[in-house]
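Enquirer: Here you go, data14.cif (mmCIF, C-alpha atoms):
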```cif
data_my_file
loop_
_atom_site.label_atom_id
_atom_site.label_comp_id
_atom_site.auth_asym_id
_atom_site.auth_seq_id
_atom_site.Cartn_x
_atom_site.Cartn_y
_atom_site.Cartn_z
CA CYS A 1 92.08 129.62 87.94
CA PRO A 2 88.46 130.63 88.81
CA ALA A 3 87.70 127.23 90.36
CA CYS A 4 90.48 127.45 92.96
CA PRO A 5 91.78 131.04 93.20
CA GLU A 6 93.57 130.31 96.47
CA THR A 7 96.33 128.47 94.60
CA GLY A 8 97.39 131.58 92.73
CA ALA A 9 98.36 129.39 89.78
CA GLN A 10 99.52 131.08 86.60
CA GLU A 11 97.99 130.45 83.20
CA GLY A 12 99.36 127.69 81.01
CA PRO A 13 99.49 123.87 80.97
CA ALA A 14 102.28 123.72 83.55
CA ARG A 15 100.01 125.17 86.20
CA ARG A 16 97.65 122.19 86.29
CA ARG A 17 99.78 120.03 88.57
CA TYR A 18 99.55 122.75 91.23
CA LEU A 19 95.75 123.09 91.25
CA SER A 20 93.34 121.91 93.91
CA PRO A 21 91.96 118.35 93.46
CA SER A 22 88.44 119.84 93.24
CA CYS A 23 89.35 122.02 90.27
CA PRO A 24 88.08 120.68 86.90
CA GLU A 25 91.23 121.99 85.22
CA ARG A 26 93.31 119.85 87.57
CA TRP A 27 92.51 116.58 85.79
CA ARG A 28 92.57 117.68 82.16
CA GLY A 29 95.15 115.50 80.46
CA GLN A 30 96.87 114.61 83.74
CA PRO A 31 97.44 111.08 85.05
CA ARG A 32 95.88 110.57 88.49
CA ALA A 33 98.95 108.79 89.75
CA THR A 34 100.91 112.07 89.89
CA ILE A 35 98.83 114.19 92.26
CA ASN A 36 100.44 116.96 94.27
CA PRO A 37 97.38 118.93 95.42
CA CYS A 38 97.94 122.64 95.96
CA GLY A 39 101.71 122.17 95.87
CA PRO A 40 104.10 125.06 95.34
CA GLY A 41 105.24 126.16 91.91
CA PRO A 42 108.60 125.52 90.25
CA GLY A 43 111.70 126.77 92.02
CA VAL A 44 110.32 126.29 95.53
CA PHE A 45 112.78 124.85 98.06
CA HIS A 46 112.71 121.05 98.18
CA TRP A 47 113.04 118.73 101.17
CA ALA A 48 114.11 115.65 99.25
CA LYS A 49 115.31 114.87 95.74
CA VAL A 50 115.91 111.45 94.19
CA ARG A 51 117.53 110.99 90.78
CA GLN A 52 117.95 107.81 88.68
CA PHE A 53 117.23 105.78 91.78
CA CYS A 54 117.28 101.94 91.70
CA LEU A 55 116.62 99.49 94.52
CA ARG A 56 116.86 95.71 94.67
CA ARG A 57 115.72 93.18 97.23
CA GLY A 58 117.79 90.09 96.54
CA PRO A 59 117.54 89.30 92.83
CA ARG A 60 114.33 91.31 92.46
CA LEU A 61 114.42 94.87 91.08
CA LEU A 62 111.83 96.85 93.02
CA LEU A 63 112.43 100.38 91.78
CA LYS A 64 114.20 101.45 88.62
CA ASP A 65 115.33 104.90 87.41
CA VAL A 66 113.06 106.77 89.83
CA ASP A 67 113.13 110.57 89.75
CA LEU A 68 111.32 112.26 92.61
CA THR A 69 111.29 115.72 94.17
CA ILE A 70 109.37 116.54 97.35
CA HIS A 71 108.84 120.25 97.98
CA ALA A 72 108.00 121.92 101.27
CA GLY A 73 104.23 121.92 101.77
CA TRP A 74 103.50 119.02 99.43
CA ARG A 75 101.30 116.10 100.38
CA VAL A 76 102.43 113.11 98.33
CA GLY A 77 100.73 109.73 98.10
CA VAL A 78 102.85 106.67 97.25
CA VAL A 79 100.51 104.07 95.77
CA GLY A 80 101.24 100.51 94.66
CA ARG A 81 100.54 96.86 95.28
CA ASN A 82 102.10 94.95 98.19
CA GLY A 83 105.80 94.28 97.76
CA CYS A 84 106.44 96.89 95.08
CA GLY A 85 108.87 98.89 97.24
CA LYS A 86 106.82 101.57 99.01
CA SER A 87 108.21 100.88 102.48
CA SER A 88 111.70 100.43 101.04
CA LEU A 89 111.45 103.90 99.48
CA PHE A 90 110.56 105.28 102.93
CA GLY A 91 113.57 103.43 104.32
CA VAL A 92 115.82 105.19 101.82
CA LEU A 93 114.42 108.61 102.79
CA LEU A 94 115.00 107.73 106.46
CA GLY A 95 118.58 106.69 105.72
CA GLU A 96 117.90 103.09 106.80
CA VAL A 97 118.26 101.54 103.32
CA GLU A 98 121.04 102.17 100.81
CA PRO A 99 120.02 102.47 97.14
CA ASP A 100 121.71 100.20 94.63
CA LYS A 101 122.06 103.09 92.23
CA GLY A 102 121.21 106.76 92.02
CA ASP A 103 121.47 109.94 94.03
CA VAL A 104 119.39 110.78 97.13
CA ARG A 105 119.68 114.31 98.48
CA MET A 106 117.93 115.56 101.61
CA ALA A 107 117.75 119.14 102.86
CA LYS A 108 120.28 120.00 105.55
CA ASN A 109 118.99 119.61 109.13
CA LEU A 110 115.74 118.13 107.81
CA ARG A 111 113.51 116.88 110.63
CA ILE A 112 111.83 113.62 109.64
CA ALA A 113 109.09 111.87 111.62
CA SER A 114 107.77 108.39 110.87
CA VAL A 115 105.57 105.77 112.47
CA ALA A 116 107.41 102.94 114.23
CA GLN A 117 106.12 99.53 113.17
CA GLU A 118 106.62 97.94 116.60
CA THR A 119 106.20 99.06 120.20
CA VAL A 120 107.90 97.33 123.11
CA GLU A 121 106.02 96.74 126.36
CA LEU A 122 106.55 99.91 128.37
CA ASP A 123 105.39 101.07 131.78
CA ASP A 124 105.06 104.64 130.43
CA SER A 125 101.52 105.95 130.27
CA ALA A 126 99.89 106.38 126.87
CA LEU A 127 99.98 110.16 127.37
CA ASP A 128 103.68 110.23 128.26
CA PHE A 129 104.50 107.92 125.35
CA VAL A 130 102.82 110.21 122.81
CA LEU A 131 104.29 113.30 124.48
CA GLY A 132 107.72 111.70 123.99
CA GLY A 133 107.36 112.23 120.25
CA ASP A 134 108.38 115.83 120.92
CA VAL A 135 111.71 114.90 122.48
CA ALA A 136 112.84 118.38 123.50
CA SER A 137 109.52 119.35 125.09
CA ALA A 138 109.09 116.01 126.86
CA SER A 139 112.63 116.17 128.24
CA ALA A 140 112.09 119.66 129.65
CA ILE A 141 108.72 118.73 131.17
CA PHE A 142 110.01 115.53 132.78
CA ASP A 143 113.10 117.37 134.09
CA ALA A 144 110.86 119.99 135.69
CA GLU A 145 108.68 117.34 137.32
CA ARG A 146 111.67 115.43 138.69
CA ALA A 147 113.34 118.59 139.98
CA GLU A 148 110.15 119.76 141.71
CA ALA A 149 109.65 116.32 143.28
CA ALA A 150 113.23 116.44 144.59
CA GLY A 151 112.86 120.00 145.85
CA ASP A 152 115.62 121.28 143.55
CA MET A 153 114.24 124.71 142.71
CA ASP A 154 117.26 125.82 140.67
CA ALA A 155 116.93 122.83 138.34
CA ALA A 156 113.17 123.32 138.21
CA MET A 157 113.57 126.97 137.18
CA GLU A 158 116.06 126.00 134.47
CA ALA A 159 113.68 123.34 133.15
CA HIS A 160 110.75 125.76 133.15
CA HIS A 161 112.88 128.24 131.22
CA ARG A 162 113.41 125.56 128.56
CA ILE A 163 109.69 124.80 128.51
CA ASP A 164 108.94 128.48 127.99
CA GLU A 165 111.50 128.79 125.17
CA LEU A 166 110.02 125.73 123.44
CA GLY A 167 106.43 126.92 123.90
CA ALA A 168 105.77 123.56 125.52
CA TYR A 169 103.41 124.46 128.35
CA ASP A 170 100.55 123.11 126.24
CA ALA A 171 102.45 119.98 125.14
CA ARG A 172 100.50 117.61 127.39
CA ALA A 173 97.23 119.10 126.16
CA ARG A 174 98.36 118.60 122.54
CA ALA A 175 99.29 114.98 123.27
CA ALA A 176 95.91 114.40 124.93
CA LYS A 177 94.14 115.90 121.92
CA LEU A 178 96.00 113.50 119.62
CA LEU A 179 94.99 110.55 121.80
CA HIS A 180 91.37 111.68 121.76
CA GLY A 181 91.40 111.99 117.96
CA LEU A 182 92.86 108.49 117.65
CA GLY A 183 90.02 107.03 119.70
CA PHE A 184 91.51 106.81 123.20
CA HIS A 185 89.04 107.58 125.99
CA ALA A 186 90.29 110.01 128.61
CA SER A 187 90.35 107.20 131.18
CA ALA A 188 92.95 105.36 129.03
CA HIS A 189 95.45 108.22 128.88
CA GLU A 190 97.24 107.13 132.06
CA ARG A 191 97.21 103.39 131.29
CA PRO A 192 100.66 101.82 130.69
CA VAL A 193 101.55 101.15 127.07
CA ARG A 194 102.08 97.45 127.84
CA GLU A 195 98.37 97.04 128.63
CA PHE A 196 97.23 97.91 125.11
CA SER A 197 96.78 95.41 122.29
CA GLY A 198 98.94 95.51 119.16
CA GLY A 199 96.41 97.57 117.17
CA TRP A 200 96.09 100.19 119.89
CA ARG A 201 99.87 100.35 120.25
CA MET A 202 100.08 101.16 116.54
CA ARG A 203 97.70 104.05 117.21
CA LEU A 204 100.05 105.18 119.95
CA ASN A 205 102.96 105.02 117.51
CA LEU A 206 100.97 107.15 115.07
CA GLY A 207 100.18 109.69 117.79
CA ARG A 208 103.85 109.84 118.77
CA ALA A 209 104.84 110.54 115.14
CA LEU A 210 102.21 113.27 114.83
CA MET A 211 103.48 114.82 118.05
CA ALA A 212 107.03 115.06 116.73
CA PRO A 213 108.07 118.43 115.24
CA SER A 214 108.92 117.58 111.64
CA ASP A 215 109.54 119.02 108.20
CA LEU A 216 108.84 115.68 106.50
CA LEU A 217 106.25 113.28 107.94
CA LEU A 218 106.31 109.73 106.54
CA LEU A 219 103.16 107.68 107.16
CA ASP A 220 103.36 104.06 106.01
CA GLU A 221 99.79 102.69 105.78
CA PRO A 222 98.74 104.75 108.81
CA THR A 223 95.04 103.81 108.63
CA ASN A 224 95.53 100.03 108.96
CA HIS A 225 94.49 99.98 112.62
CA LEU A 226 92.07 102.92 112.61
CA ASP A 227 88.28 102.90 112.63
CA LEU A 228 86.32 105.25 110.38
CA ASP A 229 86.08 108.04 112.96
CA ALA A 230 89.85 108.04 113.48
CA VAL A 231 90.48 107.95 109.71
CA VAL A 232 88.27 111.01 109.23
CA TRP A 233 90.03 112.77 112.12
CA LEU A 234 93.46 111.97 110.63
CA GLU A 235 92.43 113.36 107.23
CA GLU A 236 91.30 116.60 108.85
CA TRP A 237 94.44 116.77 111.02
#
```
Let me see the structure of the file written as structure tokens.

Expert:
Amino acid sequence: CPACPETGAQEGPARRRYLSPSCPERWRGQPRATINPCGPGPGVFHWAKVRQFCLRRGPRLLLKDVDLTIHAGWRVGVVGRNGCGKSSLFGVLLGEVEPDKGDVRMAKNLRIASVAQETVELDDSALDFVLGGDVASASAIFDAERAEAAGDMDAAMEAHHRIDELGAYDARARAAKLLHGLGFHASAHERPVREFSGGWRMRLNLGRALMAPSDLLLLDEPTNHLDLDAVVWLEEW
């Protein structure tokens, strides 16, 4: 496709779903509700697959006979009015909601990150809270700090070995960069989570999810509490 050669799409109608959104061929005869920009071609390994899926909430049928495949590298938008089942679909992918009918298959050892909808009042600093999204790295870093404070050099060396294996020496810097992108001034990085308002805590939850190593990242209305600058940053991220 001359308009987006980076996709390497082959000729033929089937290629159009894999073209860039800016490509004029992308939209020819295609419904805009089924966008998978620059996604991989057929046969590529999938993270999640849903077949003949149905979900009820009480007497109400939210989703009926849904077929969905999510491939590695895809960015998928789930669009619909309030109450139509978007969050419930995320709950199914997270294993928190059981479907009433159908088959849900997830890749083995799939790492899923999502944004928590609530944050308890914590004494942890904003930086440590976001860093905690990467559980393994945060654990190794905190173990090293505690061991050094206690003068236990053997434990400190073991913790630093884990940090090195994880490539986590820059983890605090990555967490600080996420906070900066989400609108937190540097002076707020060490403030306790409990001191932030509900909207700013949601930003912290988003930062924690972005910090987590994941194969599948689920963002449920992530821009609700963001200003324009943070929305633009998130799109670029």

Enquirer: With distances taken over all atoms listed in the file, which of A:His225, A:Pro192, A:Leu62, A:Pro99 is nearest to Arg81 (chain A)?

Expert: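 Checking each of A:His225, A:Pro192, A:Leu62, A:Pro99 against Arg81 (chain A), counting all atoms listed in the file, the winner is A:Leu62.
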
Enquirer: Looking at only C-alpha atoms, which of A:Ala186, A:Ala155, A:Val231, A:Ala168 is the one that sits closest to Ala136 (chain A)?

Expert: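 Of A:Ala186, A:Ala155, A:Val231, A:Ala168, the one nearest Ala136 (chain A) is A:Ala168, counting only C-alpha atoms.
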
Enquirer: Out of A:Met157, A:Ala150, A:Leu228, A:Leu216, which residue has the shortest atom-to-atom distance to Ile70 (chain A) when counting only C-alpha atoms?

Expert: A:Leu216

Enquirer: The PyMOL selection byres ((chain A and resi 113) around 8) on the file shown: which residues, as a list in words?

Expert: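 For this structure, the PyMOL selection byres ((chain A and resi 113) around 8) captures Arg111, Ile112, Ser114, Val115, Ala209, Leu210, Ala212, Pro213, Ser214, Asp215, Leu216, Leu217 and Leu218 of chain A.
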
Enquirer: Using only C-alpha atoms, determine which residues lie at most 7 Å from Ser137 (chain A), disregarding the query and same-chain residues fewer than 3 positions distant; provide the list as an MDAnalysis selection string.

Expert: chainID A and resid 134 140:141 163 166 168

Enquirer: I'd like the neighbourhood of Ala230 (chain A) as a list in words, where a residue qualifies if any of its atoms comes within 12 Å (using only C-alpha atoms), though same-chain residues fewer than 4 positions away should be ignored.

Expert: Leu178, Leu179, His180, Gly181, Leu182, Gly183, Phe184, Trp200, Arg203, Leu206, Gly207, Pro222, Thr223, Asn224, His225, Leu226, Leu234, Glu235, Glu236 and Trp237 of chain A

Enquirer: What is the CA of Thr119 (chain A) to CA of Asn205 (chain A) distance in Å?

Expert: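 CA of Asn205 (chain A) lies 7.3 Å from CA of Thr119 (chain A).
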
Enquirer: So which one's closest to Val92 (chain A), A:Gly77, A:Leu63, A:Ala116, A:Tyr169? Using all atoms listed in the file, please.

Expert: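 Between A:Gly77, A:Leu63, A:Ala116, A:Tyr169, the residue approaching Val92 (chain A) most closely is A:Leu63.
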
Enquirer: Going by the chain IDs and residue numbers used in this file, which residues fall under the PyMOL selection byres ((chain A and resi 144) around 9)? Write them as a short mmCIF file (atom, residue, chain, number, x, y, z; two decimals) with C-alpha atoms, keeping the file's coordinate frame.

Expert:
```
data_model
loop_
_atom_site.label_atom_id
_atom_site.label_comp_id
_atom_site.auth_asym_id
_atom_site.auth_seq_id
_atom_site.Cartn_x
_atom_site.Cartn_y
_atom_site.Cartn_z
CA SER A 139 112.63 116.17 128.24
CA ALA A 140 112.09 119.66 129.65
CA ILE A 141 108.72 118.73 131.17
CA PHE A 142 110.01 115.53 132.78
CA ASP A 143 113.10 117.37 134.09
CA GLU A 145 108.68 117.34 137.32
CA ARG A 146 111.67 115.43 138.69
CA ALA A 147 113.34 118.59 139.98
CA GLU A 148 110.15 119.76 141.71
CA ALA A 149 109.65 116.32 143.28
CA ALA A 155 116.93 122.83 138.34
CA ALA A 156 113.17 123.32 138.21
CA MET A 157 113.57 126.97 137.18
CA GLU A 158 116.06 126.00 134.47
CA ALA A 159 113.68 123.34 133.15
CA HIS A 160 110.75 125.76 133.15
CA ILE A 163 109.69 124.80 128.51
#
```

Enquirer: The PyMOL selection byres ((chain A and resi 191) around 9) on the file shown: which residues, as an NGL selection string?

Expert: :A and (123-127 or 187-190 or 192-196)

Enquirer: Kindly reconstruct region 86-97 of chain A with all heavy atoms and present the result as a PDB file, in the coordinates of the input.

Expert:
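Here's the written file part14.pdb:
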```pdb
ATOM      1  N   LYS A  86     107.235 100.331  98.346  1.00  0.00           N
ATOM      2  CA  LYS A  86     106.820 101.570  99.010  1.00  0.00           C
ATOM      3  C   LYS A  86     107.554 101.781 100.337  1.00  0.00           C
ATOM      4  O   LYS A  86     108.126 102.836 100.590  1.00  0.00           O
ATOM      5  CB  LYS A  86     105.302 101.569  99.228  1.00  0.00           C
ATOM      6  CG  LYS A  86     104.466 101.422  97.972  1.00  0.00           C
ATOM      7  CD  LYS A  86     102.990 101.562  98.243  1.00  0.00           C
ATOM      8  CE  LYS A  86     102.451 100.527  99.205  1.00  0.00           C
ATOM      9  NZ  LYS A  86     102.535  99.138  98.666  1.00  0.00           N
ATOM     10  N   SER A  87     107.534 100.760 101.183  1.00  0.00           N
ATOM     11  CA  SER A  87     108.210 100.880 102.480  1.00  0.00           C
ATOM     12  C   SER A  87     109.722 100.994 102.307  1.00  0.00           C
ATOM     13  O   SER A  87     110.388 101.686 103.081  1.00  0.00           O
ATOM     14  CB  SER A  87     107.873  99.660 103.361  1.00  0.00           C
ATOM     15  OG  SER A  87     106.491  99.636 103.676  1.00  0.00           O
ATOM     16  N   SER A  88     110.258 100.329 101.292  1.00  0.00           N
ATOM     17  CA  SER A  88     111.700 100.430 101.040  1.00  0.00           C
ATOM     18  C   SER A  88     112.075 101.851 100.634  1.00  0.00           C
ATOM     19  O   SER A  88     113.135 102.357 101.016  1.00  0.00           O
ATOM     20  CB  SER A  88     112.109  99.450  99.933  1.00  0.00           C
ATOM     21  OG  SER A  88     111.894  98.119 100.339  1.00  0.00           O
ATOM     22  N   LEU A  89     111.214 102.511  99.859  1.00  0.00           N
ATOM     23  CA  LEU A  89     111.450 103.900  99.480  1.00  0.00           C
ATOM     24  C   LEU A  89     111.474 104.778 100.733  1.00  0.00           C
ATOM     25  O   LEU A  89     112.332 105.660 100.868  1.00  0.00           O
ATOM     26  CB  LEU A  89     110.376 104.386  98.514  1.00  0.00           C
ATOM     27  CG  LEU A  89     110.454 105.852  98.094  1.00  0.00           C
ATOM     28  CD1 LEU A  89     111.772 106.162  97.402  1.00  0.00           C
ATOM     29  CD2 LEU A  89     109.276 106.213  97.187  1.00  0.00           C
ATOM     30  N   PHE A  90     110.555 104.537 101.669  1.00  0.00           N
ATOM     31  CA  PHE A  90     110.560 105.280 102.930  1.00  0.00           C
ATOM     32  C   PHE A  90     111.857 105.020 103.684  1.00  0.00           C
ATOM     33  O   PHE A  90     112.433 105.926 104.291  1.00  0.00           O
ATOM     34  CB  PHE A  90     109.365 104.860 103.797  1.00  0.00           C
ATOM     35  CG  PHE A  90     108.090 105.580 103.465  1.00  0.00           C
ATOM     36  CD1 PHE A  90     107.878 106.116 102.210  1.00  0.00           C
ATOM     37  CD2 PHE A  90     107.090 105.711 104.401  1.00  0.00           C
ATOM     38  CE1 PHE A  90     106.716 106.777 101.899  1.00  0.00           C
ATOM     39  CE2 PHE A  90     105.912 106.376 104.115  1.00  0.00           C
ATOM     40  CZ  PHE A  90     105.716 106.911 102.856  1.00  0.00           C
ATOM     41  N   GLY A  91     112.326 103.759 103.651  1.00  0.00           N
ATOM     42  CA  GLY A  91     113.570 103.430 104.320  1.00  0.00           C
ATOM     43  C   GLY A  91     114.752 104.187 103.760  1.00  0.00           C
ATOM     44  O   GLY A  91     115.653 104.604 104.496  1.00  0.00           O
ATOM     45  N   VAL A  92     114.751 104.411 102.458  1.00  0.00           N
ATOM     46  CA  VAL A  92     115.820 105.190 101.820  1.00  0.00           C
ATOM     47  C   VAL A  92     115.756 106.637 102.300  1.00  0.00           C
ATOM     48  O   VAL A  92     116.777 107.239 102.655  1.00  0.00           O
ATOM     49  CB  VAL A  92     115.704 105.117 100.288  1.00  0.00           C
ATOM     50  CG1 VAL A  92     116.646 106.116  99.630  1.00  0.00           C
ATOM     51  CG2 VAL A  92     116.011 103.708  99.800  1.00  0.00           C
ATOM     52  N   LEU A  93     114.563 107.225 102.340  1.00  0.00           N
ATOM     53  CA  LEU A  93     114.420 108.610 102.790  1.00  0.00           C
ATOM     54  C   LEU A  93     114.821 108.760 104.256  1.00  0.00           C
ATOM     55  O   LEU A  93     115.314 109.817 104.672  1.00  0.00           O
ATOM     56  CB  LEU A  93     112.979 109.081 102.589  1.00  0.00           C
ATOM     57  CG  LEU A  93     112.495 109.157 101.134  1.00  0.00           C
ATOM     58  CD1 LEU A  93     111.028 109.556 101.080  1.00  0.00           C
ATOM     59  CD2 LEU A  93     113.332 110.150 100.337  1.00  0.00           C
ATOM     60  N   LEU A  94     114.627 107.699 105.049  1.00  0.00           N
ATOM     61  CA  LEU A  94     115.000 107.730 106.460  1.00  0.00           C
ATOM     62  C   LEU A  94     116.475 107.416 106.669  1.00  0.00           C
ATOM     63  O   LEU A  94     116.970 107.503 107.802  1.00  0.00           O
ATOM     64  CB  LEU A  94     114.152 106.721 107.241  1.00  0.00           C
ATOM     65  CG  LEU A  94     112.689 107.095 107.465  1.00  0.00           C
ATOM     66  CD1 LEU A  94     111.891 105.890 107.948  1.00  0.00           C
ATOM     67  CD2 LEU A  94     112.582 108.240 108.462  1.00  0.00           C
ATOM     68  N   GLY A  95     117.175 107.036 105.605  1.00  0.00           N
ATOM     69  CA  GLY A  95     118.580 106.690 105.720  1.00  0.00           C
ATOM     70  C   GLY A  95     118.816 105.297 106.268  1.00  0.00           C
ATOM     71  O   GLY A  95     119.937 104.967 106.676  1.00  0.00           O
ATOM     72  N   GLU A  96     117.778 104.446 106.271  1.00  0.00           N
ATOM     73  CA  GLU A  96     117.900 103.090 106.800  1.00  0.00           C
ATOM     74  C   GLU A  96     118.232 102.072 105.715  1.00  0.00           C
ATOM     75  O   GLU A  96     118.650 100.953 106.022  1.00  0.00           O
ATOM     76  CB  GLU A  96     116.587 102.684 107.489  1.00  0.00           C
ATOM     77  CG  GLU A  96     116.214 103.574 108.662  1.00  0.00           C
ATOM     78  CD  GLU A  96     114.819 103.302 109.204  1.00  0.00           C
ATOM     79  OE1 GLU A  96     114.063 102.557 108.553  1.00  0.00           O
ATOM     80  OE2 GLU A  96     114.492 103.849 110.270  1.00  0.00           O
ATOM     81  N   VAL A  97     118.022 102.442 104.458  1.00  0.00           N
ATOM     82  CA  VAL A  97     118.260 101.540 103.320  1.00  0.00           C
ATOM     83  C   VAL A  97     119.134 102.268 102.312  1.00  0.00           C
ATOM     84  O   VAL A  97     118.882 103.440 101.986  1.00  0.00           O
ATOM     85  CB  VAL A  97     116.932 101.111 102.652  1.00  0.00           C
ATOM     86  CG1 VAL A  97     117.205 100.244 101.426  1.00  0.00           C
ATOM     87  CG2 VAL A  97     116.049 100.371 103.653  1.00  0.00           C
TER      88      VAL A  97
END
```
